[in-house]
$ cat final32.cif   # mmCIF, C-alpha atoms and all ligand atoms
data_start
#
loop_
_atom_site.label_atom_id
_atom_site.label_comp_id
_atom_site.auth_asym_id
_atom_site.auth_seq_id
_atom_site.Cartn_x
_atom_site.Cartn_y
_atom_site.Cartn_z
CA MET X 1 0.00 0.00 0.00
CA THR X 2 1.39 3.38 -0.92
CA LEU X 3 1.03 6.60 1.01
CA LEU X 4 -1.21 7.86 -1.75
CA GLU X 5 -3.66 5.04 -1.20
CA ILE X 6 -3.90 5.94 2.50
CA PHE X 7 -4.16 9.67 1.84
CA PRO X 8 -5.67 10.08 -1.62
CA SER X 9 -5.72 13.86 -1.06
CA LEU X 10 -1.90 13.79 -1.33
CA ARG X 11 -2.24 13.16 -5.05
CA GLY X 12 -2.86 16.78 -5.87
CA ALA X 13 -0.28 18.10 -3.43
CA MET X 14 2.66 16.05 -4.64
CA THR X 15 4.69 17.30 -7.54
CA PRO X 16 7.23 14.59 -8.18
CA ARG X 17 10.57 15.73 -9.54
CA LEU X 18 10.87 15.14 -13.26
CA ASP X 19 14.36 14.10 -14.32
CA PRO X 20 15.67 16.90 -16.57
CA ALA X 21 17.85 14.35 -18.39
CA LEU X 22 14.69 12.67 -19.66
CA TRP X 23 11.99 15.32 -19.98
CA PRO X 24 11.84 18.09 -22.59
CA ILE X 25 13.67 21.27 -21.70
CA SER X 26 10.52 23.34 -21.16
CA THR X 27 8.91 20.88 -18.71
CA ARG X 28 7.41 22.62 -15.63
CA HIS X 29 4.63 22.13 -13.11
CA ASP X 30 1.83 24.68 -13.08
CA GLN X 31 0.28 26.03 -9.87
CA SER X 32 -2.06 23.06 -9.61
CA GLY X 33 0.84 20.63 -10.00
CA ARG X 34 0.01 19.62 -13.55
CA ILE X 35 2.92 18.81 -15.87
CA CYS X 36 3.30 21.43 -18.59
CA ILE X 37 5.47 21.35 -21.69
CA GLY X 38 5.86 24.50 -23.75
CA ASP X 39 3.61 26.08 -21.08
CA VAL X 40 0.72 23.82 -22.07
CA ALA X 41 -0.65 21.34 -19.51
CA LEU X 42 -0.46 17.77 -20.79
CA GLU X 43 -3.94 17.19 -19.29
CA ASP X 44 -5.31 19.91 -21.56
CA ILE X 45 -3.71 18.36 -24.63
CA ALA X 46 -5.15 14.96 -23.72
CA ASP X 47 -8.59 16.52 -23.22
CA GLN X 48 -8.48 18.36 -26.51
CA TYR X 49 -6.80 15.81 -28.78
CA GLY X 50 -7.49 12.52 -27.01
CA THR X 51 -4.95 9.76 -26.35
CA PRO X 52 -2.62 8.26 -27.28
CA THR X 53 -0.94 11.43 -28.53
CA TYR X 54 2.61 12.47 -29.29
CA VAL X 55 3.57 15.85 -27.87
CA ILE X 56 6.69 17.50 -29.22
CA ASP X 57 8.46 20.44 -27.61
CA GLU X 58 9.69 22.78 -30.34
CA SER X 59 12.01 24.59 -27.93
CA ASP X 60 13.67 21.30 -27.00
CA VAL X 61 14.39 20.43 -30.64
CA ARG X 62 15.87 23.88 -31.23
CA HIS X 63 17.89 23.63 -28.00
CA ARG X 64 19.47 20.32 -29.11
CA CYS X 65 20.36 21.79 -32.51
CA ARG X 66 21.97 24.84 -30.90
CA THR X 67 23.92 22.69 -28.48
CA TYR X 68 25.40 20.69 -31.36
CA ARG X 69 26.29 23.84 -33.24
CA GLU X 70 27.95 25.36 -30.17
CA ILE X 71 29.96 22.26 -29.33
CA PHE X 72 30.94 21.53 -32.95
CA PRO X 73 31.29 25.01 -34.51
CA ASP X 74 33.46 23.80 -37.41
CA SER X 75 31.42 20.72 -38.27
CA GLU X 76 28.30 20.38 -40.35
CA ILE X 77 25.38 18.99 -38.35
CA VAL X 78 22.79 17.05 -40.28
CA TYR X 79 19.59 15.86 -38.63
CA ALA X 80 18.98 12.18 -39.47
CA GLY X 81 15.32 12.49 -40.40
CA LYS X 82 14.41 8.88 -39.94
CA ALA X 83 14.10 9.54 -36.17
CA LEU X 84 11.06 11.77 -36.77
CA MET X 85 10.44 13.07 -40.26
CA ILE X 86 7.60 15.51 -40.44
CA ARG X 87 7.64 18.90 -42.13
CA ALA X 88 7.82 20.85 -38.86
CA MET X 89 10.94 18.98 -37.72
CA ALA X 90 12.63 19.57 -41.06
CA LYS X 91 11.76 23.26 -40.85
CA TRP X 92 12.92 23.73 -37.24
CA VAL X 93 16.26 22.01 -37.73
CA SER X 94 16.90 23.91 -40.98
CA GLU X 95 16.15 27.21 -39.27
CA GLU X 96 18.74 26.22 -36.65
CA GLY X 97 21.34 25.71 -39.37
CA LEU X 98 21.29 21.93 -39.63
CA GLY X 99 21.13 19.91 -42.83
CA VAL X 100 18.66 17.05 -43.21
CA GLY X 101 19.51 13.40 -43.84
CA VAL X 102 16.87 11.38 -45.68
CA CYS X 103 16.73 7.68 -46.42
CA SER X 104 13.85 7.34 -48.87
CA ALA X 105 12.02 9.24 -51.59
CA GLY X 106 9.23 9.78 -49.04
CA GLU X 107 11.53 11.47 -46.55
CA LEU X 108 13.06 13.49 -49.36
CA SER X 109 9.68 14.80 -50.45
CA ILE X 110 8.78 15.79 -46.87
CA ALA X 111 12.07 17.69 -46.50
CA ILE X 112 11.47 19.49 -49.79
CA ALA X 113 7.84 20.20 -48.89
CA ALA X 114 9.13 21.79 -45.67
CA GLY X 115 11.27 24.15 -47.71
CA VAL X 116 14.65 22.60 -46.92
CA GLN X 117 17.23 23.69 -49.50
CA PRO X 118 18.02 20.58 -51.55
CA SER X 119 21.74 21.35 -51.30
CA ARG X 120 21.45 20.85 -47.50
CA ILE X 121 20.02 17.34 -47.92
CA ILE X 122 22.00 14.09 -47.77
CA LEU X 123 20.43 10.90 -49.12
CA HIS X 124 21.50 7.58 -47.69
CA SER X 125 19.90 4.22 -47.20
CA ASN X 126 21.19 0.75 -47.72
CA THR X 127 18.90 0.14 -50.68
CA LYS X 128 18.15 2.87 -53.13
CA THR X 129 16.06 2.22 -56.20
CA ALA X 130 16.87 3.75 -59.58
CA SER X 131 13.81 5.94 -59.26
CA GLU X 132 14.87 7.16 -55.79
CA LEU X 133 18.34 7.97 -57.07
CA ARG X 134 16.89 9.79 -60.07
CA THR X 135 14.42 11.76 -57.93
CA ALA X 136 17.20 12.77 -55.54
CA ALA X 137 19.64 13.75 -58.28
CA ASN X 138 16.96 15.72 -60.14
CA ALA X 139 15.97 17.49 -56.92
CA GLY X 140 19.59 18.60 -56.57
CA VAL X 141 20.31 17.00 -53.19
CA GLY X 142 23.69 18.07 -51.84
CA ARG X 143 25.18 14.64 -51.37
CA ILE X 144 24.26 11.04 -52.08
CA VAL X 145 25.91 8.31 -50.02
CA ILE X 146 26.86 5.33 -52.16
CA ASP X 147 27.12 1.84 -50.72
CA SER X 148 28.48 -0.37 -53.49
CA PRO X 149 29.93 -0.40 -57.03
CA SER X 150 26.54 -1.41 -58.46
CA GLU X 151 24.85 1.50 -56.73
CA ALA X 152 27.52 3.85 -58.05
CA ALA X 153 26.87 2.52 -61.56
CA LEU X 154 23.11 2.92 -61.10
CA LEU X 155 23.51 6.51 -59.90
CA ALA X 156 25.90 7.26 -62.76
CA SER X 157 23.25 6.01 -65.21
CA VAL X 158 20.52 8.35 -63.91
CA CYS X 159 22.57 11.52 -63.29
CA THR X 160 22.43 14.16 -65.98
CA ARG X 161 24.45 16.77 -64.12
CA SER X 162 27.19 16.97 -61.52
CA GLN X 163 26.35 15.14 -58.28
CA LYS X 164 28.44 15.13 -55.11
CA VAL X 165 28.90 11.69 -53.65
CA LEU X 166 30.15 10.20 -50.39
CA ILE X 167 31.14 6.54 -50.19
CA HIS X 168 29.83 4.60 -47.23
CA VAL X 169 32.47 2.54 -45.46
CA THR X 170 32.43 0.09 -42.60
CA PRO X 171 35.81 0.99 -41.09
CA GLY X 172 38.16 -1.95 -41.44
CA ALA X 173 35.63 -4.32 -43.04
CA ASP X 174 35.09 -3.29 -46.65
CA THR X 175 35.51 -5.62 -49.56
CA GLU X 176 34.13 -3.55 -52.43
CA PHE X 177 35.51 -0.19 -51.42
CA GLU X 178 38.18 0.03 -54.15
CA ASP X 179 35.67 -0.94 -56.85
CA THR X 180 33.20 1.67 -55.60
CA VAL X 181 35.86 4.37 -55.70
CA ALA X 182 36.86 3.36 -59.23
CA THR X 183 33.25 3.28 -60.46
CA VAL X 184 32.51 6.74 -59.03
CA LYS X 185 35.78 8.11 -60.42
CA ASN X 186 34.99 6.88 -63.91
CA ALA X 187 31.45 8.31 -63.96
CA THR X 188 31.28 11.67 -65.73
CA HIS X 189 28.76 13.32 -63.43
CA LEU X 190 29.76 11.82 -60.09
CA HIS X 191 32.05 13.86 -57.95
CA LEU X 192 33.54 12.00 -54.97
CA ILE X 193 34.05 14.38 -52.07
CA GLY X 194 34.29 12.20 -48.99
CA LEU X 195 33.61 9.11 -46.92
CA HIS X 196 30.68 8.24 -44.68
CA CYS X 197 30.28 5.75 -41.86
CA GLN X 198 27.68 4.81 -39.27
CA LEU X 199 29.27 3.27 -36.22
CA GLY X 200 26.12 1.96 -34.58
CA SER X 201 23.27 3.27 -32.49
CA HIS X 202 23.03 4.23 -28.82
CA ILE X 203 26.76 4.94 -28.71
CA THR X 204 27.67 6.34 -25.29
CA ASP X 205 31.47 5.91 -25.43
CA PRO X 206 33.11 8.66 -27.51
CA GLU X 207 36.24 6.50 -27.87
CA ARG X 208 34.30 4.46 -30.43
CA PHE X 209 34.94 7.31 -32.87
CA ARG X 210 38.70 7.41 -32.39
CA SER X 211 39.76 4.28 -34.26
CA ALA X 212 37.13 4.84 -36.97
CA ILE X 213 38.58 8.27 -37.70
CA GLY X 214 42.11 6.83 -37.84
CA THR X 215 41.01 4.11 -40.27
CA MET X 216 39.05 6.47 -42.50
CA ILE X 217 41.78 9.10 -42.76
CA GLY X 218 44.07 6.19 -43.73
CA GLN X 219 41.56 5.25 -46.46
CA MET X 220 41.46 8.85 -47.67
CA ALA X 221 45.24 8.86 -47.87
CA ASP X 222 45.10 5.60 -49.88
CA ILE X 223 42.66 7.19 -52.32
CA ARG X 224 44.95 10.19 -52.72
CA ARG X 225 47.85 7.86 -53.50
CA ALA X 226 45.92 5.63 -55.92
CA HIS X 227 43.74 8.24 -57.63
CA THR X 228 45.43 11.60 -56.98
CA MET X 229 42.17 12.80 -55.42
CA ILE X 230 41.92 14.64 -52.11
CA LEU X 231 38.65 13.99 -50.30
CA THR X 232 37.51 16.87 -48.11
CA GLU X 233 34.58 15.48 -46.10
CA LEU X 234 34.31 12.88 -43.39
CA ASP X 235 30.74 12.04 -42.35
CA LEU X 236 30.76 10.19 -39.02
CA GLY X 237 27.03 9.38 -39.03
CA GLY X 238 24.88 9.49 -35.92
CA GLY X 239 23.95 6.95 -33.31
CA HIS X 240 24.64 9.34 -30.41
CA GLY X 241 23.21 7.72 -27.29
CA ILE X 242 20.82 9.48 -24.91
CA ALA X 243 19.29 8.54 -21.55
CA TYR X 244 15.88 6.84 -21.56
CA LEU X 245 15.77 5.95 -17.86
CA PRO X 246 17.10 7.86 -14.84
CA GLY X 247 20.81 7.24 -14.49
CA ASP X 248 21.30 5.94 -18.06
CA ALA X 249 24.61 6.84 -19.68
CA GLN X 250 24.52 9.29 -22.58
CA LEU X 251 27.12 10.38 -25.08
CA ASP X 252 28.98 13.39 -23.70
CA LEU X 253 29.18 15.72 -26.70
CA THR X 254 32.00 17.82 -25.27
CA ARG X 255 34.10 14.68 -24.86
CA LEU X 256 33.12 13.57 -28.35
CA ALA X 257 34.33 16.91 -29.74
CA ARG X 258 37.68 16.39 -28.01
CA VAL X 259 38.03 12.81 -29.26
CA ILE X 260 37.25 13.89 -32.82
CA ASP X 261 39.71 16.74 -32.64
CA GLU X 262 42.55 14.66 -31.19
CA SER X 263 42.08 11.71 -33.50
CA LEU X 264 41.82 13.96 -36.57
CA ASP X 265 45.04 15.72 -35.56
CA ASP X 266 46.78 12.39 -35.00
CA ALA X 267 45.63 10.73 -38.19
CA CYS X 268 46.11 13.77 -40.40
CA ILE X 269 49.66 14.33 -39.17
CA ARG X 270 50.46 10.63 -39.49
CA ASN X 271 49.19 10.55 -43.08
CA ARG X 272 50.19 14.13 -43.94
CA PHE X 273 46.59 14.59 -45.00
CA PRO X 274 44.68 17.92 -44.91
CA ARG X 275 42.01 18.00 -42.23
CA PRO X 276 38.62 17.19 -43.79
CA LYS X 277 35.37 18.83 -42.80
CA ILE X 278 33.50 16.69 -40.27
CA VAL X 279 29.79 15.96 -40.74
CA LEU X 280 27.72 14.57 -37.86
CA GLU X 281 24.25 13.10 -38.34
CA PRO X 282 22.41 12.77 -35.02
CA GLY X 283 18.79 11.64 -35.22
CA ARG X 284 17.70 10.35 -31.84
CA ALA X 285 19.86 12.89 -30.01
CA ILE X 286 17.93 15.74 -31.67
CA ALA X 287 14.39 14.34 -31.56
CA ALA X 288 13.99 11.90 -28.69
CA ARG X 289 13.91 14.17 -25.67
CA ALA X 290 11.51 16.63 -27.28
CA GLY X 291 8.78 14.00 -27.39
CA VAL X 292 6.38 12.87 -24.69
CA THR X 293 3.70 10.30 -25.47
CA LEU X 294 0.41 10.61 -23.62
CA HIS X 295 -1.58 7.51 -22.78
CA ARG X 296 -4.76 7.25 -20.75
CA ALA X 297 -4.66 4.25 -18.42
CA GLN X 298 -7.55 2.17 -19.75
CA SER X 299 -7.94 -0.77 -17.41
CA THR X 300 -5.94 -2.04 -14.47
CA LYS X 301 -5.81 -5.42 -12.77
CA THR X 302 -3.73 -6.89 -9.97
CA ILE X 303 -2.77 -10.57 -10.07
CA SER X 304 -2.22 -12.88 -7.10
CA ASP X 305 1.53 -12.32 -6.78
CA GLY X 306 0.82 -8.62 -6.24
CA ARG X 307 1.94 -7.41 -9.66
CA SER X 308 -0.36 -4.87 -11.26
CA PHE X 309 -1.18 -4.63 -14.93
CA VAL X 310 -2.22 -1.42 -16.60
CA SER X 311 -3.10 -1.64 -20.25
CA VAL X 312 -0.72 0.78 -21.92
CA GLY X 313 2.55 -1.27 -21.85
CA ALA X 314 5.63 0.23 -20.08
CA ARG X 315 6.57 -0.18 -16.39
CA LEU X 316 4.40 2.21 -14.39
CA PRO X 317 3.79 3.44 -10.84
CA ALA X 318 1.81 0.98 -8.72
CA ASP X 319 -0.75 3.60 -7.71
CA LEU X 320 -1.84 4.35 -11.26
CA ARG X 321 -5.62 4.36 -11.60
CA GLU X 322 -7.94 3.98 -14.55
CA GLY X 323 -8.37 7.32 -16.21
CA ASP X 324 -4.98 8.65 -15.07
CA LEU X 325 -2.87 10.27 -17.70
CA VAL X 326 0.57 8.75 -18.33
CA GLY X 327 3.30 10.75 -20.04
CA VAL X 328 6.25 8.80 -21.41
CA PRO X 329 9.31 11.02 -21.98
CA GLY X 330 12.06 10.31 -24.45
CA THR X 331 9.64 9.24 -27.16
CA GLY X 332 10.33 11.87 -29.80
CA ALA X 333 12.54 9.59 -31.92
CA TYR X 334 11.56 6.33 -33.63
CA HIS X 335 8.07 6.36 -32.14
CA HIS X 336 5.82 8.30 -34.48
CA SER X 337 8.12 7.33 -37.34
CA MET X 338 7.67 3.63 -36.59
CA THR X 339 4.02 3.53 -35.53
CA SER X 340 2.02 0.99 -37.45
CA THR X 341 -1.67 0.44 -37.98
CA ASN X 342 -1.37 -3.05 -36.52
CA ASP X 343 -4.82 -4.31 -35.38
CA ASN X 344 -6.16 -1.47 -37.54
CA VAL X 345 -5.71 0.96 -34.70
CA CYS X 346 -5.52 4.51 -36.02
CA ARG X 347 -2.15 6.20 -35.60
CA PRO X 348 -1.90 9.00 -32.99
CA PRO X 349 -1.56 12.67 -33.82
CA VAL X 350 1.57 14.77 -33.24
CA ILE X 351 0.98 18.00 -31.34
CA ALA X 352 3.64 20.72 -31.12
CA VAL X 353 3.81 22.90 -28.02
CA LEU X 354 5.52 26.25 -27.65
CA GLY X 355 4.89 29.34 -25.54
CA GLY X 356 1.50 28.25 -24.22
CA VAL X 357 0.16 27.18 -27.61
CA ALA X 358 -0.52 23.62 -28.73
CA ARG X 359 -0.96 23.05 -32.45
CA PRO X 360 -1.49 19.83 -34.34
CA LEU X 361 1.25 18.90 -36.83
CA ILE X 362 -0.19 15.52 -37.77
CA ARG X 363 -3.86 14.76 -37.14
CA ARG X 364 -5.08 11.49 -35.69
CA GLU X 365 -5.63 8.85 -38.32
CA SER X 366 -9.29 8.08 -38.96
CA MET X 367 -11.24 4.96 -39.98
CA ASP X 368 -11.71 6.70 -43.33
CA ASP X 369 -7.92 6.90 -43.71
CA LEU X 370 -7.66 3.17 -43.04
CA LEU X 371 -10.41 2.35 -45.53
CA ALA X 372 -9.12 4.78 -48.17
CA ARG X 373 -6.43 2.36 -49.33
CA GLU X 374 -8.86 -0.51 -49.79
CA VAL X 375 -9.54 -0.54 -53.52
CA GLY X 376 -11.04 -3.95 -54.13
CA MET X 377 -13.26 -6.58 -52.50
C1 LIG X 401 20.10 5.86 -38.36
C2 LIG X 401 21.17 6.64 -38.88
C3 LIG X 401 21.56 7.78 -38.21
C4 LIG X 401 20.95 8.27 -36.93
O1 LIG X 401 20.98 7.37 -35.89
P1 LIG X 401 20.51 7.94 -34.48
O2 LIG X 401 20.72 6.81 -33.54
O3 LIG X 401 19.06 8.29 -34.61
O4 LIG X 401 21.35 9.12 -34.23
C5 LIG X 401 22.55 8.55 -38.78
N1 LIG X 401 23.14 8.20 -39.91
C6 LIG X 401 22.79 7.09 -40.58
C7 LIG X 401 23.48 6.75 -41.84
C8 LIG X 401 21.80 6.26 -40.09
O5 LIG X 401 21.47 5.16 -40.76
#

$ encode --input "final32.cif" --output "structure tokens"
Amino acid sequence: MTLLEIFPSLRGAMTPRLDPALWPISTRHDQSGRICIGDVALEDIADQYGTPTYVIDESDVRHRCRTYREIFPDSEIVYAGKALMIRAMAKWVSEEGLGVGVCSAGELSIAIAAGVQPSRIILHSNTKTASELRTAANAGVGRIVIDSPSEAALLASVCTRSQKVLIHVTPGADTEFEDTVATVKNATHLHLIGLHCQLGSHITDPERFRSAIGTMIGQMADIRRAHTMILTELDLGGGHGIAYLPGDAQLDLTRLARVIDESLDDACIRNRFPRPKIVLEPGRAIAARAGVTLHRAQSTKTISDGRSFVSVGARLPADLREGDLVGVPGTGAYHHSMTSTNDNVCRPPVIAVLGGVARPLIRRESMDDLLAREVGM
């Protein structure tokens, strides 16, 4: 039995501390103890838009972008859109000076619809169709990341004007790298400017970047030797880890900046290679903490061993009651973008909050939406 069950009146009086490592930057309690984000009470959003609902704090997204730009003033920061790709996100990050990374024609069209300058867009995915490559090249995207010799040949066949290209490498484990370089070099319109890697996801140890940088600068020096070409960009991908639970480790960006700096210095001196421009592509680290998902506890039951079940999923406080509102922080990345219509449940809306105003960015999916794709019976 919890204190709250003995003194239900305590519920209103208690304002539990919300871990600032997990909750959006603008999270506050109002005078009645309700949790507010962007000066809007989550209860009010749930009342107006229903549940489940994704709430996204615009000021948090902008804050993460600014932090990256402050800590990495000489690097290009590109938001990996697959974490949460909606027009508003693309617009906010562009306004903060970030580029946008897209991994499909769909993401590309959202970025362009949001007004992102095509030259600030990078396309990468591990499978790109000819039509995706053609769409991207015709749109004038800044860079296309190539994975293999066959993809380089495919891109060469659809490009009708100069296209900047990065080659994706798995540091220390590439078999087709030389062939890819040769194919790009021999294509009239393809212009190889750098290398790209993605070291993993949820990386919390900045040292992971050190050996990758050493290997890749070595590869750049090899290309200079073999092809008399000096590559000027090194894209280190994203995968920057953040905390999801209190006490979780997260990637310390200041330490990352130091590791990048030191290892670039080392490797460039060792290879007598000019320092390339660094590109970083965080997705989760920009979007995750801005998002809070609201669920209404639907039904609860307690089983004989004392464990309680509440039908929304995650691990929850034992004193949760039906009708209570549950806010799950850290859900800005890979939640909306990966929601499915499994069980034909309509997908939740996305509501932006800022300065006391809540505005829908994506409306809740309707039964009509679900039926609209049914074209035969
Ligand atoms: C997924 C991905 C990212 C972003 O990963 P996060 O964990 O969201 O930062 C960046 N670059 C590439 C190439 C990716 O595939």

$ residues_around --input "final32.cif" --residues "X:Ala288" --least-positions-apart "3" --cutoff "10 Å" --atoms "only C-alpha atoms" --output "list in words"
Leu22, Trp23, Pro24, Ile56, Asp60, Val61, Ala83, Leu84, Ile242, Ala243, Tyr244, Gly283, Arg284, Ala285, Gly291, Val292, Pro329, Gly330, Thr331, Gly332, Ala333, Tyr334 and His335 of chain X

$ residues_near_ligand --input "final32.cif" --ligand "ligand LIG 401 (chain X)" --cutoff "10 Å" --atoms "all atoms listed in the file" --output "NGL selection string"
:X and (78-84 or 101-103 or 122-126 or 145 or 168 or 196-203 or 235-242 or 280-288 or 333-334)

$ atom_distance --input "final32.cif" --atom1 "atom CA of X:Gln298" --atom2 "atom CA of X:Gly323"
6.3 Å

$ residues_around --input "final32.cif" --residues "X:Val40" --least-positions-apart "4" --cutoff "9 Å" --atoms "all atoms listed in the file" --output "ChimeraX atom specification"
/X:35-36,44-45,353-358

$ atom_distance --input "final32.cif" --atom1 "atom CA of X:Thr204" --atom2 "atom CA of X:Ile71"
16.6 Å

$ closest_residue --input "final32.cif" --among "X:Ser26, X:Thr53, X:Thr183, X:Ser304" --to "X:Arg347" --atoms "only C-alpha atoms"
X:Thr53

$ atom_distance --input "final32.cif" --atom1 "atom CA of X:Thr27" --atom2 "atom CA of X:Ala352"
13.5 Å

$ residues_around --input "final32.cif" --residues "X:Arg134" --least-positions-apart "3" --cutoff "10 Å" --atoms "all atoms listed in the file" --output "PyMOL selection string"
chain X and resi 105+128-131+137-140+154-160

$ residues_near_point --input "final32.cif" --point "(29.6, 14.4, -29.0)" --cutoff "8 Å" --atoms "only C-alpha atoms" --output "PDB file with C-alpha atoms, in the frame of the given file"
ATOM      1  CA  TYR X  68      25.400  20.690 -31.360  1.00  0.00           C
ATOM      2  CA  ILE X  71      29.960  22.260 -29.330  1.00  0.00           C
ATOM      3  CA  PRO X 206      33.110   8.660 -27.510  1.00  0.00           C
ATOM      4  CA  HIS X 240      24.640   9.340 -30.410  1.00  0.00           C
ATOM      5  CA  LEU X 251      27.120  10.380 -25.080  1.00  0.00           C
ATOM      6  CA  ASP X 252      28.980  13.390 -23.700  1.00  0.00           C
ATOM      7  CA  LEU X 253      29.180  15.720 -26.700  1.00  0.00           C
ATOM      8  CA  THR X 254      32.000  17.820 -25.270  1.00  0.00           C
ATOM      9  CA  ARG X 255      34.100  14.680 -24.860  1.00  0.00           C
ATOM     10  CA  LEU X 256      33.120  13.570 -28.350  1.00  0.00           C
ATOM     11  CA  ALA X 257      34.330  16.910 -29.740  1.00  0.00           C
TER      12      ALA X 257
END

$ residues_around --input "final32.cif" --residues "X:Arg315" --least-positions-apart "6" --cutoff "12 Å" --atoms "all atoms listed in the file" --output "compact mmCIF listing (two decimals) with C-alpha atoms, in the coordinates of the input"
# COMPACT_ATOMS: atom_id res chain seq x y z
CA LEU X 245 15.77 5.95 -17.86
CA ARG X 307 1.94 -7.41 -9.66
CA SER X 308 -0.36 -4.87 -11.26
CA PHE X 309 -1.18 -4.63 -14.93
CA VAL X 326 0.57 8.75 -18.33
CA GLY X 327 3.30 10.75 -20.04
CA VAL X 328 6.25 8.80 -21.41

$ axis_aligned_box --input "final32.cif" --around "stretch 249-255 of chain X" --padding-each-side "8 Å" --output "lines of an AutoDock Vina configuration file"
center_x = 29.3
center_y = 12.3
center_z = -23.2
size_x = 25.6
size_y = 27.0
size_z = 23.0
